[in-house]
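Have a look at model36.cif; it's mmCIF, C-alpha atoms:
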data_coords
#
loop_
_atom_site.label_atom_id
_atom_site.label_comp_id
_atom_site.auth_asym_id
_atom_site.auth_seq_id
_atom_site.Cartn_x
_atom_site.Cartn_y
_atom_site.Cartn_z
CA MET A 1 -90.14 -48.32 15.81
CA SER A 2 -92.25 -49.84 13.06
CA ALA A 3 -90.72 -51.07 9.80
CA LYS A 4 -92.48 -48.29 7.86
CA LYS A 5 -91.05 -45.56 10.08
CA LEU A 6 -87.61 -47.14 9.90
CA LEU A 7 -87.77 -47.22 6.09
CA LEU A 8 -88.82 -43.57 5.89
CA LEU A 9 -86.09 -42.55 8.33
CA ALA A 10 -83.47 -44.51 6.36
CA SER A 11 -84.62 -42.77 3.15
CA LEU A 12 -84.38 -39.35 4.81
CA VAL A 13 -80.89 -40.09 6.11
CA SER A 14 -79.77 -41.23 2.66
CA VAL A 15 -81.07 -37.95 1.16
CA LEU A 16 -79.28 -35.85 3.81
CA ALA A 17 -76.07 -37.81 3.25
CA VAL A 18 -75.93 -36.75 -0.41
CA PRO A 19 -73.00 -34.37 -1.12
CA SER A 20 -73.89 -30.69 -1.14
CA PHE A 21 -72.98 -30.28 -4.83
CA ALA A 22 -75.55 -32.84 -5.90
CA GLY A 23 -78.74 -31.61 -7.52
CA LEU A 24 -81.83 -32.82 -5.66
CA ARG A 25 -85.23 -33.22 -7.21
CA PHE A 26 -88.43 -34.79 -6.01
CA GLY A 27 -90.41 -37.05 -8.26
CA GLY A 28 -94.19 -37.31 -8.12
CA VAL A 29 -95.90 -39.54 -5.59
CA GLY A 30 -96.56 -42.91 -7.17
CA ILE A 31 -99.52 -45.06 -6.24
CA GLY A 32 -99.63 -48.52 -7.74
CA PHE A 33 -101.87 -51.56 -7.62
CA GLY A 34 -100.80 -55.11 -8.11
CA TYR A 35 -102.81 -58.35 -8.24
CA THR A 36 -101.32 -61.78 -7.86
CA HIS A 37 -103.02 -65.14 -8.10
CA PHE A 38 -101.47 -68.60 -7.74
CA SER A 39 -103.42 -71.71 -8.39
CA GLY A 40 -100.81 -74.10 -9.64
CA PRO A 41 -97.42 -75.41 -8.60
CA TYR A 42 -95.50 -73.24 -11.08
CA CYS A 43 -94.19 -69.95 -10.09
CA CYS A 44 -95.33 -67.26 -12.56
CA TYR A 45 -93.29 -64.34 -11.32
CA ASP A 46 -90.14 -63.54 -9.48
CA PRO A 47 -91.09 -62.64 -5.89
CA TYR A 48 -87.87 -60.69 -5.41
CA THR A 49 -88.42 -58.15 -8.16
CA PHE A 50 -92.19 -57.86 -8.25
CA ASP A 51 -93.20 -54.25 -8.34
CA ALA A 52 -96.48 -52.68 -9.32
CA PHE A 53 -94.45 -49.99 -11.15
CA ALA A 54 -92.25 -52.39 -13.04
CA TYR A 55 -94.37 -52.50 -16.17
CA GLY A 56 -92.74 -50.23 -18.67
CA GLY A 57 -94.26 -48.58 -21.71
CA TYR A 58 -94.33 -50.03 -25.17
CA TYR A 59 -91.31 -49.36 -27.32
CA GLY A 60 -92.26 -49.65 -30.97
CA GLY A 61 -89.99 -50.66 -33.81
CA TRP A 62 -90.18 -47.33 -35.64
CA TYR A 63 -88.11 -44.27 -34.98
CA ALA A 64 -89.00 -40.61 -34.92
CA PRO A 65 -87.11 -37.69 -33.35
CA TRP A 66 -89.99 -37.23 -30.89
CA SER A 67 -91.66 -39.83 -28.73
CA TYR A 68 -94.23 -40.32 -26.00
CA GLN A 69 -91.59 -41.94 -23.80
CA PRO A 70 -89.11 -40.06 -21.65
CA GLY A 71 -85.54 -41.28 -21.57
CA PRO A 72 -82.31 -40.42 -19.80
CA ASN A 73 -80.81 -38.92 -22.97
CA LYS A 74 -83.87 -36.95 -24.03
CA GLY A 75 -85.01 -33.44 -23.35
CA THR A 76 -88.62 -32.43 -22.76
CA VAL A 77 -90.65 -29.76 -24.53
CA LYS A 78 -93.83 -28.65 -22.77
CA LEU A 79 -96.39 -26.80 -24.85
CA LYS A 80 -98.45 -24.08 -23.21
CA ASN A 81 -101.46 -22.16 -24.47
CA VAL A 82 -102.07 -24.60 -27.30
CA GLY A 83 -105.60 -25.82 -28.07
CA ASN A 84 -106.16 -29.57 -27.76
CA THR A 85 -107.05 -29.93 -31.44
CA SER A 86 -104.09 -27.91 -32.76
CA GLU A 87 -101.75 -29.81 -35.03
CA ILE A 88 -98.07 -29.95 -34.10
CA TYR A 89 -95.34 -30.14 -36.71
CA ILE A 90 -91.71 -30.80 -35.88
CA ASN A 91 -89.20 -29.88 -38.59
CA GLN A 92 -92.17 -29.61 -40.98
CA ALA A 93 -93.25 -33.19 -40.28
CA TYR A 94 -96.62 -33.88 -38.65
CA ALA A 95 -96.14 -35.05 -35.05
CA GLY A 96 -99.73 -35.23 -33.80
CA VAL A 97 -102.41 -33.18 -32.11
CA ALA A 98 -101.64 -31.08 -29.06
CA LYS A 99 -103.77 -33.10 -26.63
CA ASP A 100 -101.42 -36.07 -27.18
CA LEU A 101 -98.27 -33.96 -27.11
CA LYS A 102 -98.39 -31.94 -23.91
CA ASN A 103 -94.90 -33.30 -23.22
CA ILE A 104 -92.69 -34.04 -26.20
CA TYR A 105 -89.53 -36.02 -25.57
CA LEU A 106 -86.79 -35.17 -28.07
CA ASP A 107 -83.19 -36.10 -28.68
CA PRO A 108 -80.76 -33.22 -28.03
CA GLY A 109 -80.68 -30.84 -30.99
CA VAL A 110 -82.38 -27.89 -32.65
CA TYR A 111 -85.96 -28.19 -33.90
CA ASP A 112 -88.52 -25.99 -35.62
CA LEU A 113 -91.91 -26.42 -33.99
CA GLU A 114 -95.06 -25.25 -35.69
CA VAL A 115 -98.56 -25.10 -34.23
CA ARG A 116 -101.45 -25.03 -36.72
CA THR A 117 -104.82 -24.10 -35.28
CA ASN A 118 -108.00 -23.76 -37.32
CA GLY A 119 -108.79 -20.13 -37.99
CA LYS A 120 -105.38 -18.88 -36.82
CA GLU A 121 -102.08 -18.11 -38.48
CA PRO A 122 -99.56 -20.95 -37.95
CA ALA A 123 -97.12 -20.12 -35.13
CA GLN A 124 -93.49 -21.24 -35.38
CA LYS A 125 -90.82 -21.45 -32.72
CA ARG A 126 -87.25 -22.63 -32.82
CA VAL A 127 -86.43 -24.83 -29.89
CA TYR A 128 -83.09 -25.98 -28.50
CA VAL A 129 -83.26 -29.29 -26.68
CA LEU A 130 -80.66 -30.57 -24.22
CA SER A 131 -80.71 -33.96 -22.51
CA GLY A 132 -82.39 -33.94 -19.12
CA LYS A 133 -83.67 -30.36 -19.53
CA THR A 134 -87.25 -29.14 -19.91
CA VAL A 135 -88.18 -26.28 -22.23
CA LYS A 136 -91.55 -24.58 -21.83
CA LEU A 137 -92.89 -23.14 -25.07
CA GLU A 138 -95.73 -20.64 -24.93
CA PHE A 139 -97.68 -19.97 -28.11
CA MET B 140 -81.57 -20.18 -71.91
CA HIS B 141 -84.47 -18.40 -70.29
CA ARG B 142 -85.53 -21.63 -68.65
CA VAL B 143 -82.09 -22.10 -67.10
CA LEU B 144 -82.13 -18.52 -65.79
CA ALA B 145 -85.64 -18.98 -64.38
CA LEU B 146 -84.54 -22.21 -62.68
CA LEU B 147 -81.48 -20.53 -61.16
CA LEU B 148 -83.65 -17.63 -59.97
CA ALA B 149 -86.14 -20.07 -58.41
CA ILE B 150 -83.31 -21.89 -56.57
CA LEU B 151 -81.91 -18.59 -55.26
CA VAL B 152 -85.34 -17.41 -54.06
CA SER B 153 -86.15 -20.74 -52.40
CA SER B 154 -82.78 -20.86 -50.60
CA ALA B 155 -83.32 -17.30 -49.35
CA VAL B 156 -86.79 -18.21 -48.06
CA ALA B 157 -85.46 -21.39 -46.45
CA GLN B 158 -83.02 -19.40 -44.31
CA HIS B 159 -84.25 -18.85 -40.79
CA ALA B 160 -85.74 -15.61 -39.68
CA PRO B 161 -83.64 -14.00 -36.94
CA VAL B 162 -84.24 -15.73 -33.62
CA VAL B 163 -83.91 -12.49 -31.65
CA LYS B 164 -85.74 -9.50 -33.06
CA PRO B 165 -84.80 -5.94 -32.11
CA ARG B 166 -87.28 -4.06 -29.97
CA ALA B 167 -89.49 -1.51 -31.73
CA GLN B 168 -87.28 1.42 -30.74
CA ALA B 169 -83.83 1.84 -29.19
CA LYS B 170 -85.37 3.64 -26.21
CA ASP B 171 -87.27 0.45 -25.32
CA TYR B 172 -83.99 -0.90 -23.93
CA GLN B 173 -82.72 -0.13 -20.44
CA ALA B 174 -79.95 2.17 -21.78
CA VAL B 175 -79.44 3.99 -25.08
CA SER B 176 -76.54 5.74 -26.73
CA GLU B 177 -75.72 6.84 -30.25
CA ASN B 178 -72.93 7.91 -32.55
CA ALA B 179 -72.82 9.13 -36.16
CA ASN B 180 -73.53 5.65 -37.56
CA ALA B 181 -76.08 4.06 -35.25
CA THR B 182 -78.26 4.21 -32.17
CA ILE B 183 -77.61 1.36 -29.75
CA GLY B 184 -79.95 0.10 -27.04
CA ALA B 185 -78.79 -2.34 -24.37
CA ALA B 186 -80.22 -4.15 -21.36
CA GLN B 187 -78.46 -6.49 -18.95
CA LEU B 188 -80.44 -9.65 -18.23
CA SER B 189 -81.09 -10.75 -14.65
CA ARG B 190 -80.26 -14.34 -13.68
CA LYS B 191 -83.95 -15.21 -13.83
CA GLN B 192 -84.24 -13.77 -17.35
CA VAL B 193 -81.14 -15.70 -18.44
CA ARG B 194 -82.62 -18.96 -17.13
CA LYS B 195 -85.88 -18.24 -18.94
CA THR B 196 -84.27 -17.19 -22.22
CA PHE B 197 -81.59 -19.88 -22.58
CA VAL B 198 -81.67 -23.64 -22.22
CA SER B 199 -77.87 -23.62 -21.87
CA ASN B 200 -77.02 -23.33 -18.18
CA MET B 201 -74.84 -20.22 -17.88
CA ARG B 202 -74.81 -20.31 -14.07
CA LYS B 203 -73.06 -17.24 -12.64
CA ASP B 204 -70.31 -17.36 -15.23
CA TYR B 205 -71.62 -14.91 -17.82
CA VAL B 206 -73.08 -11.44 -18.07
CA VAL B 207 -75.71 -11.52 -20.82
CA ILE B 208 -76.68 -8.28 -22.54
CA GLU B 209 -79.49 -7.85 -25.03
CA VAL B 210 -78.44 -5.37 -27.68
CA GLY B 211 -80.40 -3.60 -30.42
CA VAL B 212 -78.50 -1.78 -33.16
CA TYR B 213 -80.41 0.79 -35.26
CA PRO B 214 -78.14 1.87 -38.12
CA LYS B 215 -78.57 5.36 -39.57
CA ASN B 216 -77.03 4.13 -42.85
CA GLY B 217 -75.40 0.81 -43.64
CA LEU B 218 -72.76 -0.34 -41.18
CA LYS B 219 -70.47 -3.30 -40.59
CA LEU B 220 -71.28 -4.98 -37.30
CA SER B 221 -69.49 -7.60 -35.22
CA PRO B 222 -69.83 -8.77 -31.60
CA SER B 223 -66.12 -7.97 -31.25
CA ASP B 224 -67.02 -4.25 -31.68
CA PHE B 225 -68.38 -4.47 -28.14
CA ALA B 226 -66.62 -4.76 -24.78
CA LEU B 227 -67.81 -4.78 -21.19
CA ARG B 228 -66.30 -2.31 -18.74
CA PRO B 229 -66.67 -3.09 -15.04
CA ALA B 230 -67.03 0.02 -12.85
CA ASN B 231 -64.27 -1.21 -10.54
CA SER B 232 -61.68 -1.92 -13.26
CA ASP B 233 -60.10 -0.30 -16.32
CA LYS B 234 -59.68 -3.66 -18.06
CA PRO B 235 -62.34 -4.24 -20.75
CA ILE B 236 -63.84 -7.72 -21.13
CA ALA B 237 -64.28 -9.08 -24.67
CA PRO B 238 -67.39 -11.09 -25.63
CA ALA B 239 -67.18 -14.88 -25.32
CA ASP B 240 -67.22 -17.18 -28.33
CA PRO B 241 -70.34 -19.43 -28.36
CA LYS B 242 -68.26 -22.54 -29.22
CA ILE B 243 -65.93 -22.05 -26.27
CA MET B 244 -68.90 -21.23 -24.03
CA ALA B 245 -70.69 -24.43 -25.06
CA SER B 246 -67.59 -26.47 -24.33
CA GLN B 247 -67.19 -24.93 -20.85
CA ILE B 248 -70.88 -25.23 -20.01
CA SER B 249 -70.92 -28.85 -21.18
CA GLU B 250 -67.89 -29.61 -18.99
CA LYS B 251 -69.63 -28.19 -15.91
CA ASP B 252 -72.90 -29.96 -16.74
CA GLN B 253 -71.10 -33.31 -16.44
CA LYS B 254 -70.07 -32.71 -12.83
CA GLY B 255 -72.08 -33.55 -9.72
CA THR B 256 -74.84 -36.03 -9.03
CA ASP B 257 -78.54 -35.95 -9.75
CA VAL B 258 -80.69 -37.19 -6.88
CA ALA B 259 -84.35 -38.07 -7.46
CA VAL B 260 -86.75 -38.96 -4.63
CA TYR B 261 -89.86 -40.98 -5.47
CA PRO B 262 -92.27 -41.79 -2.63
CA TYR B 263 -94.41 -44.84 -3.41
CA GLU B 264 -97.42 -46.70 -2.09
CA THR B 265 -98.17 -50.20 -3.35
CA ILE B 266 -101.34 -52.21 -2.68
CA THR B 267 -101.27 -55.91 -3.53
CA TYR B 268 -104.13 -58.40 -3.39
CA SER B 269 -103.14 -62.08 -3.28
CA THR B 270 -105.45 -65.08 -3.45
CA GLY B 271 -102.68 -67.51 -2.68
CA GLY B 272 -99.07 -67.77 -1.69
CA ASP B 273 -96.16 -68.58 -3.91
CA PRO B 274 -94.77 -72.03 -3.08
CA TYR B 275 -91.34 -70.94 -4.33
CA ASP B 276 -91.17 -67.79 -2.26
CA PRO B 277 -88.87 -68.62 0.68
CA TYR B 278 -89.87 -65.52 2.63
CA TYR B 279 -93.63 -65.35 2.35
CA GLY B 280 -94.45 -68.84 1.11
CA ASN B 281 -98.05 -69.86 1.52
CA SER B 282 -98.79 -67.36 4.24
CA ARG B 283 -99.37 -64.45 1.87
CA HIS B 284 -103.14 -63.94 1.48
CA GLY B 285 -105.41 -60.97 1.11
CA VAL B 286 -104.44 -57.34 0.82
CA SER B 287 -100.97 -56.12 1.66
CA THR B 288 -99.58 -52.63 1.37
CA ALA B 289 -96.09 -51.27 1.11
CA THR B 290 -94.97 -47.66 1.41
CA GLY B 291 -91.54 -46.23 1.07
CA VAL B 292 -89.29 -43.84 -0.72
CA ASN B 293 -87.06 -44.69 -3.66
CA VAL B 294 -83.95 -42.55 -3.73
CA VAL B 295 -82.15 -42.72 -7.06
CA THR B 296 -78.73 -41.12 -7.40
CA LYS B 297 -76.89 -41.02 -10.67
CA PRO B 298 -73.92 -39.03 -11.92
CA ASN B 299 -74.69 -36.21 -14.36
CA ARG B 300 -72.07 -37.56 -16.77
CA ARG B 301 -73.65 -38.35 -20.14
CA ASP B 302 -72.46 -40.76 -22.79
CA PRO B 303 -70.15 -39.20 -25.44
CA LYS B 304 -72.83 -39.20 -28.17
CA THR B 305 -75.39 -37.37 -26.01
CA ARG B 306 -72.73 -35.00 -24.73
CA ALA B 307 -71.72 -34.10 -28.31
CA ALA B 308 -75.38 -33.59 -29.30
CA ASP B 309 -75.91 -31.36 -26.24
CA ALA B 310 -72.83 -29.29 -27.12
CA ASP B 311 -74.03 -28.88 -30.74
CA ALA B 312 -77.46 -27.71 -29.54
CA MET B 313 -75.81 -25.24 -27.15
CA ILE B 314 -73.55 -23.87 -29.90
CA ALA B 315 -76.61 -23.45 -32.14
CA GLU B 316 -78.59 -21.68 -29.40
CA LEU B 317 -75.80 -19.33 -28.36
CA THR B 318 -74.81 -18.53 -31.96
CA GLU B 319 -78.33 -18.01 -33.32
CA LYS B 320 -79.31 -15.78 -30.38
CA SER B 321 -76.07 -13.81 -30.60
CA LEU B 322 -75.89 -10.32 -32.15
CA PRO B 323 -75.46 -10.95 -35.90
CA GLU B 324 -72.23 -10.24 -37.71
CA GLY B 325 -71.87 -8.50 -41.11
CA GLU B 326 -73.29 -5.58 -43.07
CA VAL B 327 -76.54 -4.27 -41.62
CA SER B 328 -78.86 -1.62 -42.96
CA LYS B 329 -81.97 -2.46 -40.87
CA PRO B 330 -82.31 -2.70 -37.08
CA VAL B 331 -80.91 -5.95 -35.66
CA GLY B 332 -81.01 -7.48 -32.21
CA GLY B 333 -79.25 -10.22 -30.29
CA TYR B 334 -77.36 -11.13 -27.17
CA LEU B 335 -73.74 -10.62 -26.17
CA TYR B 336 -72.11 -12.90 -23.59
CA PHE B 337 -69.25 -11.76 -21.40
CA PRO B 338 -67.28 -14.23 -19.24
CA VAL B 339 -67.63 -12.53 -15.86
CA ASN B 340 -69.77 -13.06 -12.76
CA PRO B 341 -72.76 -10.67 -12.97
CA ALA B 342 -72.55 -10.02 -9.21
CA GLU B 343 -68.97 -8.76 -9.41
CA ALA B 344 -69.64 -5.17 -10.48
CA VAL B 345 -71.85 -2.65 -12.23
CA PHE B 346 -70.99 -2.62 -15.91
CA ALA B 347 -71.01 -0.36 -18.95
CA LEU B 348 -71.12 -1.56 -22.55
CA GLU B 349 -68.58 -0.04 -24.89
CA TYR B 350 -69.12 0.06 -28.65
CA THR B 351 -66.27 0.89 -31.02
CA SER B 352 -67.39 1.69 -34.57
CA THR B 353 -65.29 0.98 -37.65
CA ASP B 354 -63.96 4.57 -37.66
CA GLY B 355 -62.64 4.06 -34.11
CA THR B 356 -65.13 6.26 -32.26
CA LYS B 357 -66.26 4.83 -28.94
CA VAL B 358 -69.66 4.99 -27.29
CA LEU B 359 -70.20 4.05 -23.64
CA ILE B 360 -73.61 2.72 -22.59
CA PRO B 361 -73.93 2.61 -18.78
CA LEU B 362 -75.98 -0.36 -17.54
CA SER B 363 -77.73 -0.64 -14.22
CA ARG B 364 -77.61 -3.86 -12.20
CA PRO B 365 -80.77 -5.85 -12.99
CA ALA B 366 -83.21 -6.74 -10.21
CA GLU B 367 -83.15 -10.50 -9.46
#

Before we go any further, please render this structure as structure tokens.
Amino acid sequence: MSAKKLLLLASLVSVLAVPSFAGLRFGGVGIGFGYTHFSGPYCCYDPYTFDAFAYGGYYGGWYAPWSYQPGPNKGTVKLKNVGNTSEIYINQAYAGVAKDLKNIYLDPGVYDLEVRTNGKEPAQKRVYVLSGKTVKLEF
Amino acid sequence: MHRVLALLLAILVSSAVAQHAPVVKPRAQAKDYQAVSENANATIGAAQLSRKQVRKTFVSNMRKDYVVIEVGVYPKNGLKLSPSDFALRPANSDKPIAPADPKIMASQISEKDQKGTDVAVYPYETITYSTGGDPYDPYYGNSRHGVSTATGVNVVTKPNRRDPKTRAADADAMIAELTEKSLPEGEVSKPVGGYLYFPVNPAEAVFALEYTSTDGTKVLIPLSRPAE
């Protein structure tokens, strides 16, 4: 049996061995690309932990209740039926335009979301966010 | 003096405007609900939510622990309303079930949310191009050249238990959701709507909603089991 098949089989067995009360979810298929080049005597990376997926996003020094980054203690709000150029306000503060905020990651809590679209009445919705949960909001 | 009065009036008006509009609005008419009944004071419409509707309406995970009923009250004159005026009567029992308190519900839901394990499966495919080997790599050393690929599956298991701060924030959000979507309490003169939560498994029986008005008269609203 090839190493690839063995790895897949081991993964399948580990999934089946999970207790029945455990929630199971499947993440998306990830495809990565890495490039390495060594020309000198000094090692420039750790060969044991190299991973094409290991490069995380940028975490800025400012804080807002919403972010572009998911996190284990955040909930997700997905906006549906919102035009790309619509402006999104969270608790009356401007959060951005809809094309950049298809998924909004928020700390657990209660928020007032407002969508302002040119030529339309502003639409408001109250949203309850829990960690690890996704709320779909249709406007 | 007039200025002070005007200022006070402005503060009162702005605070009234700042209050939230009701989260759950009553349907246009009582007959828009699954079941309707009336007494001398009000017409009451009610509909039991299916499990799918509960999942879609609430972020709080009620599982199979609660019967959720959407209620619309259409007062004929002013009336004093409270969720405790309502009770759920299972067809197979004489014992009425009182509505659950959102704070206690949130605490119980939060407790159950902490149990179990979350398992995430991430298949991956990695393509690496190397122009030279790493002299400090004991496994691959200088022999690693050209394109190499790796495929596999990452299986990540983690307990659902959250840190105390997140857990408290979750519970607060759940209390807010369950309270704000609940049937309002107090004097009402216009139609109002909201949900009532009863701590019983929806699959256990067919239910009827009982409303007791302030003068003690009872109205029974028979509910049919919702389609899943």

When the PyMOL selection byres ((chain A and resi 91) around 10) is applied to the file above, which residues end up in the set, as a ChimeraX atom specification?
/A:65,88-90,92-95,110-114,126

For the selection just defined, write its residues with C-alpha atoms to a file, as a PDB file, in the frame of the given file.
ATOM      1  CA  PRO A  65     -87.110 -37.690 -33.350  1.00  0.00           C
ATOM      2  CA  ILE A  88     -98.070 -29.950 -34.100  1.00  0.00           C
ATOM      3  CA  TYR A  89     -95.340 -30.140 -36.710  1.00  0.00           C
ATOM      4  CA  ILE A  90     -91.710 -30.800 -35.880  1.00  0.00           C
ATOM      5  CA  GLN A  92     -92.170 -29.610 -40.980  1.00  0.00           C
ATOM      6  CA  ALA A  93     -93.250 -33.190 -40.280  1.00  0.00           C
ATOM      7  CA  TYR A  94     -96.620 -33.880 -38.650  1.00  0.00           C
ATOM      8  CA  ALA A  95     -96.140 -35.050 -35.050  1.00  0.00           C
ATOM      9  CA  VAL A 110     -82.380 -27.890 -32.650  1.00  0.00           C
ATOM     10  CA  TYR A 111     -85.960 -28.190 -33.900  1.00  0.00           C
ATOM     11  CA  ASP A 112     -88.520 -25.990 -35.620  1.00  0.00           C
ATOM     12  CA  LEU A 113     -91.910 -26.420 -33.990  1.00  0.00           C
ATOM     13  CA  GLU A 114     -95.060 -25.250 -35.690  1.00  0.00           C
ATOM     14  CA  ARG A 126     -87.250 -22.630 -32.820  1.00  0.00           C
TER      15      ARG A 126
END

Check what the PyMOL selection byres ((chain B and resi 293) around 7) selects in the file above and give those residues as a ChimeraX atom specification.
/B:260-262,291-292,294-295

For the selection you just gave me, I'd like the residues written to a file as a short mmCIF file (atom, residue, chain, number, x, y, z; two decimals), in the coordinates of the input, keeping C-alpha atoms.
data_model
loop_
_atom_site.label_atom_id
_atom_site.label_comp_id
_atom_site.auth_asym_id
_atom_site.auth_seq_id
_atom_site.Cartn_x
_atom_site.Cartn_y
_atom_site.Cartn_z
CA VAL B 260 -86.75 -38.96 -4.63
CA TYR B 261 -89.86 -40.98 -5.47
CA PRO B 262 -92.27 -41.79 -2.63
CA GLY B 291 -91.54 -46.23 1.07
CA VAL B 292 -89.29 -43.84 -0.72
CA VAL B 294 -83.95 -42.55 -3.73
CA VAL B 295 -82.15 -42.72 -7.06
#

Nearest to Lys74 of chain A by atom-to-atom distance, counting only C-alpha atoms, from B:Thr270, B:Ser328, B:Thr305, B:Asn299:
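Checking each of B:Thr270, B:Ser328, B:Thr305, B:Asn299 against Lys74 of chain A, counting only C-alpha atoms, the winner is B:Thr305.
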
Could you tell me which residues the PyMOL selection byres ((chain A and resi 73) around 7) grabs in this file, written as a PyMOL selection string?
(chain A and resi 71-72+74-75+107+131-132) or (chain B and resi 305)

What separation in Å, quoted to one decimal, exists between atom CA of Tyr275 of chain B and atom CA of Thr288 of chain B?
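One can read the atom CA of Tyr275 of chain B to atom CA of Thr288 of chain B distance as 20.9 Å.
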
Which value, in Å to one decimal, gives the distance between atom CA of Ala366 of chain B and atom CA of Asp171 of chain B?
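So the answer is 17.2 Å.
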
Can you measure atom CA of Leu227 of chain B to atom CA of Pro361 of chain B for me? One decimal in Å is fine.
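Atom-to-atom, atom CA of Leu227 of chain B to atom CA of Pro361 of chain B, that is 9.9 Å.
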
Please identify all polymer residues lying at most 9 Å from the point (-81.5, 4.7, -26.8) (file coordinates), using all atoms listed in the file, and present the result as a PyMOL selection string.
chain B and resi 168-177+182-185

Using all atoms listed in the file, can you tell me which of A:Pro70, A:Pro108, A:Gln124, A:Thr85 comes closest to chain B?
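Using all atoms listed in the file, chain B sits closest to A:Pro108.
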
Could you list, as a PyMOL selection string, the residues of chain B having an atom within 8 Å of chain A when counting all atoms listed in the file?
chain B and resi 162+198-199+255-276+290-294+301+305+308-309+311-313+315-316

Keeping only C-alpha atoms, write those residues as a PDB file, in the coordinates of the input.
ATOM      1  CA  VAL B 162     -84.240 -15.730 -33.620  1.00  0.00           C
ATOM      2  CA  VAL B 198     -81.670 -23.640 -22.220  1.00  0.00           C
ATOM      3  CA  SER B 199     -77.870 -23.620 -21.870  1.00  0.00           C
ATOM      4  CA  GLY B 255     -72.080 -33.550  -9.720  1.00  0.00           C
ATOM      5  CA  THR B 256     -74.840 -36.030  -9.030  1.00  0.00           C
ATOM      6  CA  ASP B 257     -78.540 -35.950  -9.750  1.00  0.00           C
ATOM      7  CA  VAL B 258     -80.690 -37.190  -6.880  1.00  0.00           C
ATOM      8  CA  ALA B 259     -84.350 -38.070  -7.460  1.00  0.00           C
ATOM      9  CA  VAL B 260     -86.750 -38.960  -4.630  1.00  0.00           C
ATOM     10  CA  TYR B 261     -89.860 -40.980  -5.470  1.00  0.00           C
ATOM     11  CA  PRO B 262     -92.270 -41.790  -2.630  1.00  0.00           C
ATOM     12  CA  TYR B 263     -94.410 -44.840  -3.410  1.00  0.00           C
ATOM     13  CA  GLU B 264     -97.420 -46.700  -2.090  1.00  0.00           C
ATOM     14  CA  THR B 265     -98.170 -50.200  -3.350  1.00  0.00           C
ATOM     15  CA  ILE B 266    -101.340 -52.210  -2.680  1.00  0.00           C
ATOM     16  CA  THR B 267    -101.270 -55.910  -3.530  1.00  0.00           C
ATOM     17  CA  TYR B 268    -104.130 -58.400  -3.390  1.00  0.00           C
ATOM     18  CA  SER B 269    -103.140 -62.080  -3.280  1.00  0.00           C
ATOM     19  CA  THR B 270    -105.450 -65.080  -3.450  1.00  0.00           C
ATOM     20  CA  GLY B 271    -102.680 -67.510  -2.680  1.00  0.00           C
ATOM     21  CA  GLY B 272     -99.070 -67.770  -1.690  1.00  0.00           C
ATOM     22  CA  ASP B 273     -96.160 -68.580  -3.910  1.00  0.00           C
ATOM     23  CA  PRO B 274     -94.770 -72.030  -3.080  1.00  0.00           C
ATOM     24  CA  TYR B 275     -91.340 -70.940  -4.330  1.00  0.00           C
ATOM     25  CA  ASP B 276     -91.170 -67.790  -2.260  1.00  0.00           C
ATOM     26  CA  THR B 290     -94.970 -47.660   1.410  1.00  0.00           C
ATOM     27  CA  GLY B 291     -91.540 -46.230   1.070  1.00  0.00           C
ATOM     28  CA  VAL B 292     -89.290 -43.840  -0.720  1.00  0.00           C
ATOM     29  CA  ASN B 293     -87.060 -44.690  -3.660  1.00  0.00           C
ATOM     30  CA  VAL B 294     -83.950 -42.550  -3.730  1.00  0.00           C
ATOM     31  CA  ARG B 301     -73.650 -38.350 -20.140  1.00  0.00           C
ATOM     32  CA  THR B 305     -75.390 -37.370 -26.010  1.00  0.00           C
ATOM     33  CA  ALA B 308     -75.380 -33.590 -29.300  1.00  0.00           C
ATOM     34  CA  ASP B 309     -75.910 -31.360 -26.240  1.00  0.00           C
ATOM     35  CA  ASP B 311     -74.030 -28.880 -30.740  1.00  0.00           C
ATOM     36  CA  ALA B 312     -77.460 -27.710 -29.540  1.00  0.00           C
ATOM     37  CA  MET B 313     -75.810 -25.240 -27.150  1.00  0.00           C
ATOM     38  CA  ALA B 315     -76.610 -23.450 -32.140  1.00  0.00           C
ATOM     39  CA  GLU B 316     -78.590 -21.680 -29.400  1.00  0.00           C
TER      40      GLU B 316
END

With distances taken over all atoms listed in the file, the candidate from A:Ala123, A:Leu106, A:Val115, A:Leu137 nearest Asn84 of chain A is A:Val115

Might I get the box with edges along x, y and z of the file that holds all atoms of segment 243-251 of chain B listed there, padded by 4 Å on every side, given as centre and edge lengths in Å to one decimal, as JSON?
{"center_x": -68.4, "center_y": -25.4, "center_z": -21.1, "size_x": 13.0, "size_y": 16.4, "size_z": 18.4}

Closest to Lys357 of chain B among B:Asn216, B:Ala226, B:Val210, B:Gln192, using all atoms listed in the file?
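Closest residue, counting all atoms listed in the file: B:Ala226.
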
Considering only C-alpha atoms, state which residue in the set B:Leu220, B:Pro165, B:Val327, B:Arg228 is at the smallest distance from Glu349 of chain B.
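Result for the nearest residue to Glu349 of chain B: B:Arg228.
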
Name the residues within 12 Å of (-70.2, 11.3, -31.1), counting only C-alpha atoms in the file's coordinates, and put them as a compact mmCIF listing (two decimals) with C-alpha atoms, in the frame of the given file.
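Printed below is selection_38.txt as written:
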# COMPACT_ATOMS: atom_id res chain seq x y z
CA SER B 176 -76.54 5.74 -26.73
CA GLU B 177 -75.72 6.84 -30.25
CA ASN B 178 -72.93 7.91 -32.55
CA ALA B 179 -72.82 9.13 -36.16
CA ASN B 180 -73.53 5.65 -37.56
CA ALA B 181 -76.08 4.06 -35.25
CA THR B 182 -78.26 4.21 -32.17
CA TYR B 350 -69.12 0.06 -28.65
CA THR B 351 -66.27 0.89 -31.02
CA SER B 352 -67.39 1.69 -34.57
CA ASP B 354 -63.96 4.57 -37.66
CA GLY B 355 -62.64 4.06 -34.11
CA THR B 356 -65.13 6.26 -32.26
CA LYS B 357 -66.26 4.83 -28.94
CA VAL B 358 -69.66 4.99 -27.29
CA LEU B 359 -70.20 4.05 -23.64
